[in-house]
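Source file: coords_26.cif. Holds: mmCIF, C-alpha atoms.
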```
data_coords
#
loop_
_atom_site.label_atom_id
_atom_site.label_comp_id
_atom_site.auth_asym_id
_atom_site.auth_seq_id
_atom_site.Cartn_x
_atom_site.Cartn_y
_atom_site.Cartn_z
CA MET A 1 150.54 128.70 294.34
CA SER A 2 148.13 131.63 294.46
CA ASP A 3 144.48 132.54 294.26
CA THR A 4 143.00 133.08 290.84
CA ASP A 5 140.77 135.72 289.39
CA ALA A 6 138.18 133.09 288.52
CA PRO A 7 135.03 133.46 290.64
CA HIS A 8 134.49 130.89 293.39
CA LEU A 9 137.75 129.10 292.67
CA HIS A 10 140.61 129.01 295.14
CA VAL A 11 143.64 127.41 293.51
CA LEU A 12 146.14 125.99 296.01
CA TYR A 13 148.69 124.52 293.58
CA GLU A 14 149.02 124.48 289.80
CA ASP A 15 151.51 123.24 287.22
CA HIS A 16 151.36 121.52 283.82
CA HIS A 17 150.29 118.21 285.39
CA LEU A 18 148.15 119.01 288.44
CA ILE A 19 145.69 121.59 289.67
CA ILE A 20 144.73 121.41 293.33
CA VAL A 21 141.90 123.56 294.65
CA ASN A 22 139.90 124.31 297.78
CA LYS A 23 136.38 122.99 297.18
CA PRO A 24 133.61 125.06 298.71
CA ALA A 25 130.67 123.26 300.27
CA PRO A 26 128.00 122.37 299.20
CA LEU A 27 129.37 122.22 295.64
CA LEU A 28 129.49 118.77 294.03
CA THR A 29 132.90 117.54 292.90
CA GLN A 30 131.40 116.10 289.71
CA ALA A 31 127.91 116.20 288.20
CA PRO A 32 126.03 115.73 284.92
CA PRO A 33 125.99 118.65 282.46
CA GLY A 34 123.89 121.55 283.69
CA VAL A 35 124.40 120.82 287.40
CA PRO A 36 126.93 123.13 289.11
CA ASN A 37 130.10 121.25 290.05
CA LEU A 38 133.75 121.84 290.85
CA GLU A 39 135.07 119.92 287.83
CA ALA A 40 133.22 122.26 285.46
CA VAL A 41 134.50 125.36 287.32
CA VAL A 42 138.09 124.14 287.08
CA LYS A 43 137.72 123.29 283.39
CA ASP A 44 136.36 126.78 282.70
CA TYR A 45 139.27 128.30 284.61
CA ILE A 46 141.85 126.33 282.57
CA LYS A 47 140.09 127.05 279.29
CA THR A 48 140.07 130.78 280.00
CA LYS A 49 143.55 131.10 281.51
CA TYR A 50 145.30 129.13 278.76
CA ALA A 51 142.97 130.17 275.90
CA LYS A 52 142.27 126.57 274.96
CA PRO A 53 139.99 126.49 271.89
CA ALA A 54 139.02 122.82 272.29
CA GLY A 55 137.81 120.81 275.26
CA VAL A 56 139.83 120.61 278.47
CA TYR A 57 140.96 117.26 279.87
CA LEU A 58 140.66 116.88 283.63
CA GLY A 59 141.26 113.66 285.55
CA VAL A 60 139.37 113.24 288.83
CA PRO A 61 141.28 110.75 291.03
CA HIS A 62 139.20 111.43 294.17
CA ARG A 63 136.14 113.33 295.40
CA LEU A 64 134.74 115.02 298.47
CA ASP A 65 131.15 114.66 299.66
CA ARG A 66 128.89 117.53 298.67
CA PRO A 67 128.60 119.12 302.17
CA VAL A 68 132.36 118.82 302.80
CA SER A 69 134.92 121.51 301.91
CA GLY A 70 138.65 121.34 301.31
CA VAL A 71 141.51 120.04 299.17
CA VAL A 72 140.67 118.35 295.86
CA CYS A 73 143.37 117.29 293.39
CA PHE A 74 142.73 117.15 289.63
CA ALA A 75 145.09 115.87 286.93
CA ARG A 76 145.67 117.86 283.75
CA ASN A 77 146.76 114.97 281.50
CA THR A 78 146.09 111.25 281.26
CA LYS A 79 149.52 110.13 282.46
CA ALA A 80 149.27 112.28 285.58
CA ALA A 81 145.72 111.00 286.16
CA GLN A 82 146.82 107.36 285.97
CA ARG A 83 149.71 107.88 288.38
CA VAL A 84 147.75 109.89 290.94
CA HIS A 85 144.77 107.54 290.76
CA ALA A 86 147.12 104.63 291.46
CA GLN A 87 148.37 106.39 294.60
CA PHE A 88 144.81 106.71 295.89
CA ALA A 89 143.98 103.11 294.97
CA GLU A 90 147.10 101.84 296.75
CA HIS A 91 146.45 104.00 299.87
CA LYS A 92 149.70 105.92 299.40
CA VAL A 93 148.03 109.33 299.72
CA ARG A 94 148.01 110.95 303.17
CA LYS A 95 144.80 112.82 303.95
CA VAL A 96 144.13 114.99 306.99
CA TYR A 97 140.71 116.42 307.83
CA TRP A 98 139.49 118.89 310.42
CA ALA A 99 136.09 118.42 312.03
CA LEU A 100 133.95 120.15 314.62
CA VAL A 101 131.96 117.53 316.51
CA GLU A 102 129.40 117.54 319.29
CA GLY A 103 130.53 116.89 322.86
CA VAL A 104 133.93 116.39 324.46
CA VAL A 105 136.07 113.67 322.88
CA ALA A 106 138.26 111.58 325.17
CA PRO A 107 140.99 110.47 325.23
CA ASP A 108 142.85 113.18 323.34
CA ALA A 109 144.13 110.82 320.63
CA GLY A 110 143.59 107.30 319.40
CA VAL A 111 142.59 104.93 316.60
CA TRP A 112 139.04 103.89 315.79
CA ASP A 113 138.13 100.69 313.93
CA ASP A 114 134.62 99.96 312.64
CA TRP A 115 133.01 97.62 310.16
CA ILE A 116 130.70 99.53 307.82
CA ARG A 117 128.74 98.85 304.66
CA LYS A 118 126.85 100.93 302.12
CA VAL A 119 123.06 100.83 302.37
CA GLU A 120 121.75 99.43 299.09
CA ASP A 121 120.25 102.07 296.79
CA GLU A 122 120.94 104.85 299.32
CA ALA A 123 123.76 107.37 299.69
CA ARG A 124 124.63 106.42 303.26
CA VAL A 125 126.37 103.70 305.25
CA GLU A 126 125.46 101.64 308.32
CA ARG A 127 127.15 99.52 310.95
CA ALA A 128 128.12 96.01 309.97
CA ALA A 129 129.73 93.01 311.61
CA GLU A 130 132.97 91.45 310.47
CA GLY A 131 132.23 88.81 307.86
CA GLU A 132 128.82 90.18 306.85
CA VAL A 133 128.13 90.70 303.16
CA GLY A 134 129.42 94.10 302.07
CA ALA A 135 131.20 94.80 305.37
CA LYS A 136 134.45 96.76 305.10
CA LEU A 137 136.86 97.75 307.83
CA ALA A 138 137.24 101.49 308.43
CA THR A 139 140.29 102.69 310.38
CA LEU A 140 140.72 106.27 311.51
CA GLU A 141 143.37 108.07 313.57
CA TYR A 142 142.16 111.09 315.52
CA ARG A 143 143.67 113.84 317.63
CA VAL A 144 141.94 116.56 319.66
CA LEU A 145 143.01 120.02 318.53
CA LYS A 146 140.71 122.09 320.75
CA SER A 147 138.02 121.37 323.33
CA LEU A 148 135.25 123.86 324.11
CA ALA A 149 132.26 123.46 326.43
CA ASP A 150 130.24 121.26 324.11
CA VAL A 151 132.23 121.11 320.86
CA THR A 152 135.57 119.48 320.01
CA GLN A 153 137.80 120.29 317.07
CA LEU A 154 139.40 117.09 315.77
CA GLU A 155 142.17 116.30 313.34
CA LEU A 156 141.24 113.10 311.50
CA SER A 157 143.55 110.91 309.43
CA PRO A 158 141.74 108.08 307.63
CA LEU A 159 143.84 104.98 306.98
CA THR A 160 141.10 103.53 304.77
CA GLY A 161 138.87 105.22 302.20
CA ARG A 162 135.30 104.20 303.00
CA MET A 163 132.17 106.11 302.08
CA HIS A 164 131.21 108.63 304.81
CA GLN A 165 133.83 107.00 307.04
CA LEU A 166 134.78 110.05 309.10
CA ARG A 167 131.18 111.13 309.53
CA VAL A 168 129.96 107.79 310.89
CA GLN A 169 132.99 106.91 312.98
CA THR A 170 132.62 110.13 314.97
CA ALA A 171 128.81 109.85 315.12
CA TRP A 172 128.84 106.25 316.38
CA ARG A 173 130.85 107.40 319.39
CA GLY A 174 128.32 110.07 320.28
CA HIS A 175 130.16 112.90 318.50
CA PRO A 176 128.40 113.64 315.20
CA VAL A 177 129.92 116.28 312.94
CA LEU A 178 128.11 119.59 313.41
CA GLY A 179 125.38 120.02 310.82
CA ASP A 180 125.41 116.35 309.77
CA ALA A 181 121.71 115.55 310.25
CA MET A 182 122.10 112.33 308.24
CA TYR A 183 124.20 110.85 311.03
CA GLY A 184 122.55 112.34 314.08
CA SER A 185 123.62 115.95 314.53
CA ALA A 186 120.87 118.14 315.92
CA ARG A 187 122.90 121.32 315.52
CA ALA A 188 122.82 123.63 312.53
CA PHE A 189 126.14 124.66 311.01
CA GLY A 190 127.25 127.14 308.39
CA PRO A 191 125.10 129.36 306.19
CA SER A 192 121.36 128.78 306.43
CA ALA A 193 119.83 126.76 303.59
CA GLU A 194 116.27 125.70 302.85
CA LEU A 195 117.11 122.56 300.90
CA PRO A 196 118.97 119.68 302.60
CA ARG A 197 121.31 119.41 299.60
CA ASP A 198 122.49 122.99 300.19
CA ARG A 199 123.44 122.46 303.83
CA VAL A 200 127.07 122.04 304.87
CA VAL A 201 128.75 120.05 307.63
CA ALA A 202 131.76 120.89 309.80
CA LEU A 203 134.15 118.61 307.98
CA HIS A 204 137.04 120.02 305.95
CA ALA A 205 139.77 118.28 303.94
CA ARG A 206 142.63 120.24 305.50
CA ARG A 207 145.73 118.67 303.97
CA LEU A 208 146.68 116.29 301.14
CA THR A 209 150.10 114.73 300.59
CA ILE A 210 150.93 112.90 297.36
CA LEU A 211 154.00 112.14 295.27
CA HIS A 212 154.14 114.43 292.27
CA PRO A 213 153.36 112.20 289.26
CA PHE A 214 156.45 113.34 287.33
CA THR A 215 159.03 114.80 289.72
CA LYS A 216 158.28 112.05 292.30
CA GLU A 217 158.81 114.63 295.03
CA GLU A 218 156.44 114.71 297.99
CA LEU A 219 153.82 117.41 297.57
CA THR A 220 151.75 118.62 300.53
CA VAL A 221 148.91 121.08 299.95
CA GLU A 222 146.86 122.69 302.72
CA ALA A 223 143.49 124.45 302.49
CA PRO A 224 142.22 127.10 304.92
CA VAL A 225 138.84 126.43 306.51
CA PRO A 226 135.81 128.40 305.28
CA ASP A 227 135.04 131.77 306.85
CA TYR A 228 131.93 130.40 308.59
CA TRP A 229 133.99 128.04 310.76
CA ALA A 230 134.10 129.29 314.36
CA LEU A 231 137.29 127.92 315.92
#
```

Could you express the structure from this file as structure tokens?
Amino acid sequence: MSDTDAPHLHVLYEDHHLIIVNKPAPLLTQAPPGVPNLEAVVKDYIKTKYAKPAGVYLGVPHRLDRPVSGVVCFARNTKAAQRVHAQFAEHKVRKVYWALVEGVVAPDAGVWDDWIRKVEDEARVERAAEGEVGAKLATLEYRVLKSLADVTQLELSPLTGRMHQLRVQTAWRGHPVLGDAMYGSARAFGPSAELPRDRVVALHARRLTILHPFTKEELTVEAPVPDYWAL
């Protein structure tokens, strides 16, 4: 629908069942009390806008990594939360990301398959072989949107929902996402930040398509990239 007057909150769509917003990086989607996070910002917005005297319910059917910006969908009641969560669990949600990556990507479009697994006790993933313990198949469609001298803008459509999937599948082909030091990028990106947790990467959840949990109509919501993106 429209922007809101709430600080640091860009609402993309809102009704009685859903609220879909553009998450800024490097804000966490969720966090313990006292740690800044998007869920708390959205709850404050709802509480203020609708003058709710008690607590605000907010279902969180999916998340974005801290350094990633873009579309995040929240549910405003338990029935909506159950139905939207089921769509994510059953891979019925269509997600499209934009990324700026190092180098020139060729060919201009294709599908990447990799076996990956989470590193135990760490917030990262590594290569795996089919059949290894913890190995999961990651499948990603990509399309080149723009090629510059040493940077490519990609449109990425994950067909699976693995941890850090887009970040490692580009990096393993020699094209790490700009600013993603965890997976090999040597280039800074976005606003300068002293702490690693406050750094952002050039990955943006551009578009999300779901079935509305009550009308059953297809709902597509798109988020503009942050101002610091140079396209």

Using only C-alpha atoms, determine which residues lie at most 10 Å from Val221 in chain A, disregarding the query and same-chain residues fewer than 2 positions distant; provide the list as a list in words. Met1, Leu12, Tyr13, Ile20, Val21, Asn22, Val71, Val72, Cys73, Arg206, Arg207, Leu208, Thr209, Ile210, Leu219 and Ala223 of chain A

Could you list, as a PDB file with C-alpha atoms, in the coordinates of the input, every residue matched by the PyMOL selection byres ((chain A and resi 172) around 10) in this structure?
```pdb
ATOM      1  CA  ASP A 114     134.620  99.960 312.640  1.00  0.00           C
ATOM      2  CA  GLU A 126     125.460 101.640 308.320  1.00  0.00           C
ATOM      3  CA  ARG A 127     127.150  99.520 310.950  1.00  0.00           C
ATOM      4  CA  ARG A 167     131.180 111.130 309.530  1.00  0.00           C
ATOM      5  CA  VAL A 168     129.960 107.790 310.890  1.00  0.00           C
ATOM      6  CA  GLN A 169     132.990 106.910 312.980  1.00  0.00           C
ATOM      7  CA  THR A 170     132.620 110.130 314.970  1.00  0.00           C
ATOM      8  CA  ALA A 171     128.810 109.850 315.120  1.00  0.00           C
ATOM      9  CA  ARG A 173     130.850 107.400 319.390  1.00  0.00           C
ATOM     10  CA  GLY A 174     128.320 110.070 320.280  1.00  0.00           C
ATOM     11  CA  HIS A 175     130.160 112.900 318.500  1.00  0.00           C
ATOM     12  CA  PRO A 176     128.400 113.640 315.200  1.00  0.00           C
ATOM     13  CA  TYR A 183     124.200 110.850 311.030  1.00  0.00           C
ATOM     14  CA  GLY A 184     122.550 112.340 314.080  1.00  0.00           C
TER      15      GLY A 184
END
```

(message) Can you pull out the residues contacting range 118-121 of chain A? Cut-off 9 Å, using all atoms listed in the file, and skip same-chain residues under 6 positions away; I want them as a count of residues only.
(response) 4

The distance between CA of His16 in chain A and CA of Asn77 in chain A is 8.3 Å

From CA of Val225 in chain A to CA of Ala149 in chain A the spacing works out at 21.2 Å

Practice task
Using only C-alpha atoms, pick whichever of A:Phe214, A:Leu159, A:Gly131, A:Asp150 has the shortest atom-to-atom distance to Val105 in chain A.
Solution key: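 Ranked by minimum distance to Val105 in chain A, first place goes to A:Asp150.
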
Counting all atoms listed in the file, closest pick from A:Glu155, A:Pro67, A:His10, A:Arg117 relative to Ala181 in chain A is A:Pro67

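With distances restricted to all atoms listed in the file, A:Ala25 is the closest residue to His204 in chain A from A:Ile116, A:Val60, A:Ala54, A:Ala25.
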
query: Please, what distance in Å, to one decimal, runs between CA of His85 in chain A and CA of Val201 in chain A?
result: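 Distance between the two atoms: 26.4 Å.
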
Find the smallest box with edges along x, y and z containing every listed atom of range 215-222 of chain A, then add 3 Å on each side and report centre and edge lengths in Å to one decimal, as lines of an AutoDock Vina configuration file.
```
center_x = 152.9
center_y = 117.4
center_z = 296.2
size_x = 18.2
size_y = 16.6
size_z = 19.0
```

Completion step: range 96-132 of chain A with N, CA and C atoms as a PDB file, keeping the file's coordinate frame:
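Output (out_27.pdb):
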```pdb
ATOM      1  N   VAL A  96     144.422 114.490 305.653  1.00  0.00           N
ATOM      2  CA  VAL A  96     144.130 114.990 306.990  1.00  0.00           C
ATOM      3  C   VAL A  96     142.912 115.898 306.901  1.00  0.00           C
ATOM      4  N   TYR A  97     141.939 115.636 307.773  1.00  0.00           N
ATOM      5  CA  TYR A  97     140.710 116.420 307.830  1.00  0.00           C
ATOM      6  C   TYR A  97     140.619 117.132 309.174  1.00  0.00           C
ATOM      7  N   TRP A  98     139.893 118.248 309.181  1.00  0.00           N
ATOM      8  CA  TRP A  98     139.490 118.890 310.420  1.00  0.00           C
ATOM      9  C   TRP A  98     137.988 118.740 310.547  1.00  0.00           C
ATOM     10  N   ALA A  99     137.526 118.545 311.777  1.00  0.00           N
ATOM     11  CA  ALA A  99     136.090 118.420 312.030  1.00  0.00           C
ATOM     12  C   ALA A  99     135.736 119.105 313.336  1.00  0.00           C
ATOM     13  N   LEU A 100     134.545 119.678 313.379  1.00  0.00           N
ATOM     14  CA  LEU A 100     133.950 120.150 314.620  1.00  0.00           C
ATOM     15  C   LEU A 100     132.841 119.172 314.964  1.00  0.00           C
ATOM     16  N   VAL A 101     132.925 118.559 316.129  1.00  0.00           N
ATOM     17  CA  VAL A 101     131.960 117.530 316.510  1.00  0.00           C
ATOM     18  C   VAL A 101     131.301 117.884 317.827  1.00  0.00           C
ATOM     19  N   GLU A 102     130.144 117.296 318.061  1.00  0.00           N
ATOM     20  CA  GLU A 102     129.400 117.540 319.290  1.00  0.00           C
ATOM     21  C   GLU A 102     130.075 116.837 320.476  1.00  0.00           C
ATOM     22  N   GLY A 103     130.044 117.498 321.638  1.00  0.00           N
ATOM     23  CA  GLY A 103     130.530 116.890 322.860  1.00  0.00           C
ATOM     24  C   GLY A 103     132.039 116.996 323.042  1.00  0.00           C
ATOM     25  N   VAL A 104     132.501 116.397 324.123  1.00  0.00           N
ATOM     26  CA  VAL A 104     133.930 116.390 324.460  1.00  0.00           C
ATOM     27  C   VAL A 104     134.492 115.006 324.175  1.00  0.00           C
ATOM     28  N   VAL A 105     135.473 114.939 323.305  1.00  0.00           N
ATOM     29  CA  VAL A 105     136.070 113.670 322.880  1.00  0.00           C
ATOM     30  C   VAL A 105     137.224 113.307 323.811  1.00  0.00           C
ATOM     31  N   ALA A 106     137.186 112.083 324.305  1.00  0.00           N
ATOM     32  CA  ALA A 106     138.260 111.580 325.170  1.00  0.00           C
ATOM     33  C   ALA A 106     138.535 110.119 324.816  1.00  0.00           C
ATOM     34  N   PRO A 107     139.795 109.682 324.909  1.00  0.00           N
ATOM     35  CA  PRO A 107     140.990 110.470 325.230  1.00  0.00           C
ATOM     36  C   PRO A 107     141.365 111.433 324.107  1.00  0.00           C
ATOM     37  N   ASP A 108     142.469 112.121 324.276  1.00  0.00           N
ATOM     38  CA  ASP A 108     142.850 113.180 323.340  1.00  0.00           C
ATOM     39  C   ASP A 108     143.349 112.669 321.990  1.00  0.00           C
ATOM     40  N   ALA A 109     143.652 111.385 321.899  1.00  0.00           N
ATOM     41  CA  ALA A 109     144.130 110.820 320.630  1.00  0.00           C
ATOM     42  C   ALA A 109     143.874 109.319 320.655  1.00  0.00           C
ATOM     43  N   GLY A 110     143.798 108.737 319.460  1.00  0.00           N
ATOM     44  CA  GLY A 110     143.590 107.300 319.400  1.00  0.00           C
ATOM     45  C   GLY A 110     143.314 106.825 317.999  1.00  0.00           C
ATOM     46  N   VAL A 111     142.932 105.559 317.882  1.00  0.00           N
ATOM     47  CA  VAL A 111     142.590 104.930 316.600  1.00  0.00           C
ATOM     48  C   VAL A 111     141.237 104.262 316.748  1.00  0.00           C
ATOM     49  N   TRP A 112     140.365 104.504 315.789  1.00  0.00           N
ATOM     50  CA  TRP A 112     139.040 103.890 315.790  1.00  0.00           C
ATOM     51  C   TRP A 112     138.939 102.895 314.643  1.00  0.00           C
ATOM     52  N   ASP A 113     138.393 101.722 314.938  1.00  0.00           N
ATOM     53  CA  ASP A 113     138.130 100.690 313.930  1.00  0.00           C
ATOM     54  C   ASP A 113     136.646 100.364 313.939  1.00  0.00           C
ATOM     55  N   ASP A 114     136.024 100.326 312.766  1.00  0.00           N
ATOM     56  CA  ASP A 114     134.620  99.960 312.640  1.00  0.00           C
ATOM     57  C   ASP A 114     134.400  99.195 311.343  1.00  0.00           C
ATOM     58  N   TRP A 115     133.442  98.297 311.375  1.00  0.00           N
ATOM     59  CA  TRP A 115     133.010  97.620 310.160  1.00  0.00           C
ATOM     60  C   TRP A 115     131.768  98.329 309.650  1.00  0.00           C
ATOM     61  N   ILE A 116     131.816  98.776 308.393  1.00  0.00           N
ATOM     62  CA  ILE A 116     130.700  99.530 307.820  1.00  0.00           C
ATOM     63  C   ILE A 116     130.351  98.950 306.454  1.00  0.00           C
ATOM     64  N   ARG A 117     129.139  99.253 306.003  1.00  0.00           N
ATOM     65  CA  ARG A 117     128.740  98.850 304.660  1.00  0.00           C
ATOM     66  C   ARG A 117     127.762  99.876 304.098  1.00  0.00           C
ATOM     67  N   LYS A 118     127.756 100.011 302.798  1.00  0.00           N
ATOM     68  CA  LYS A 118     126.850 100.930 302.120  1.00  0.00           C
ATOM     69  C   LYS A 118     125.434 100.360 302.147  1.00  0.00           C
ATOM     70  N   VAL A 119     124.461 101.222 302.429  1.00  0.00           N
ATOM     71  CA  VAL A 119     123.060 100.830 302.370  1.00  0.00           C
ATOM     72  C   VAL A 119     122.653 100.759 300.902  1.00  0.00           C
ATOM     73  N   GLU A 120     122.105  99.639 300.505  1.00  0.00           N
ATOM     74  CA  GLU A 120     121.750  99.430 299.090  1.00  0.00           C
ATOM     75  C   GLU A 120     120.774 100.493 298.611  1.00  0.00           C
ATOM     76  N   ASP A 121     121.083 101.069 297.453  1.00  0.00           N
ATOM     77  CA  ASP A 121     120.250 102.070 296.790  1.00  0.00           C
ATOM     78  C   ASP A 121     120.108 103.377 297.580  1.00  0.00           C
ATOM     79  N   GLU A 122     120.961 103.601 298.565  1.00  0.00           N
ATOM     80  CA  GLU A 122     120.940 104.850 299.320  1.00  0.00           C
ATOM     81  C   GLU A 122     122.358 105.400 299.450  1.00  0.00           C
ATOM     82  N   ALA A 123     122.454 106.720 299.575  1.00  0.00           N
ATOM     83  CA  ALA A 123     123.760 107.370 299.690  1.00  0.00           C
ATOM     84  C   ALA A 123     124.151 107.521 301.152  1.00  0.00           C
ATOM     85  N   ARG A 124     124.201 106.403 301.864  1.00  0.00           N
ATOM     86  CA  ARG A 124     124.630 106.420 303.260  1.00  0.00           C
ATOM     87  C   ARG A 124     125.164 105.041 303.630  1.00  0.00           C
ATOM     88  N   VAL A 125     125.818 104.971 304.788  1.00  0.00           N
ATOM     89  CA  VAL A 125     126.370 103.700 305.250  1.00  0.00           C
ATOM     90  C   VAL A 125     125.786 103.363 306.619  1.00  0.00           C
ATOM     91  N   GLU A 126     125.976 102.109 307.036  1.00  0.00           N
ATOM     92  CA  GLU A 126     125.460 101.640 308.320  1.00  0.00           C
ATOM     93  C   GLU A 126     126.489 100.728 308.965  1.00  0.00           C
ATOM     94  N   ARG A 127     126.278 100.449 310.232  1.00  0.00           N
ATOM     95  CA  ARG A 127     127.150  99.520 310.950  1.00  0.00           C
ATOM     96  C   ARG A 127     127.032  98.131 310.351  1.00  0.00           C
ATOM     97  N   ALA A 128     128.121  97.395 310.426  1.00  0.00           N
ATOM     98  CA  ALA A 128     128.120  96.010 309.970  1.00  0.00           C
ATOM     99  C   ALA A 128     128.996  95.203 310.920  1.00  0.00           C
ATOM    100  N   ALA A 129     128.875  93.906 310.828  1.00  0.00           N
ATOM    101  CA  ALA A 129     129.730  93.010 311.610  1.00  0.00           C
ATOM    102  C   ALA A 129     130.759  92.380 310.695  1.00  0.00           C
ATOM    103  N   GLU A 130     131.920  92.081 311.255  1.00  0.00           N
ATOM    104  CA  GLU A 130     132.970  91.450 310.470  1.00  0.00           C
ATOM    105  C   GLU A 130     132.454  90.160 309.852  1.00  0.00           C
ATOM    106  N   GLY A 131     132.668  90.011 308.555  1.00  0.00           N
ATOM    107  CA  GLY A 131     132.230  88.810 307.860  1.00  0.00           C
ATOM    108  C   GLY A 131     130.881  88.939 307.184  1.00  0.00           C
ATOM    109  N   GLU A 132     130.109  89.976 307.505  1.00  0.00           N
ATOM    110  CA  GLU A 132     128.820  90.180 306.850  1.00  0.00           C
ATOM    111  C   GLU A 132     129.029  90.624 305.402  1.00  0.00           C
TER     112      GLU A 132
END
```
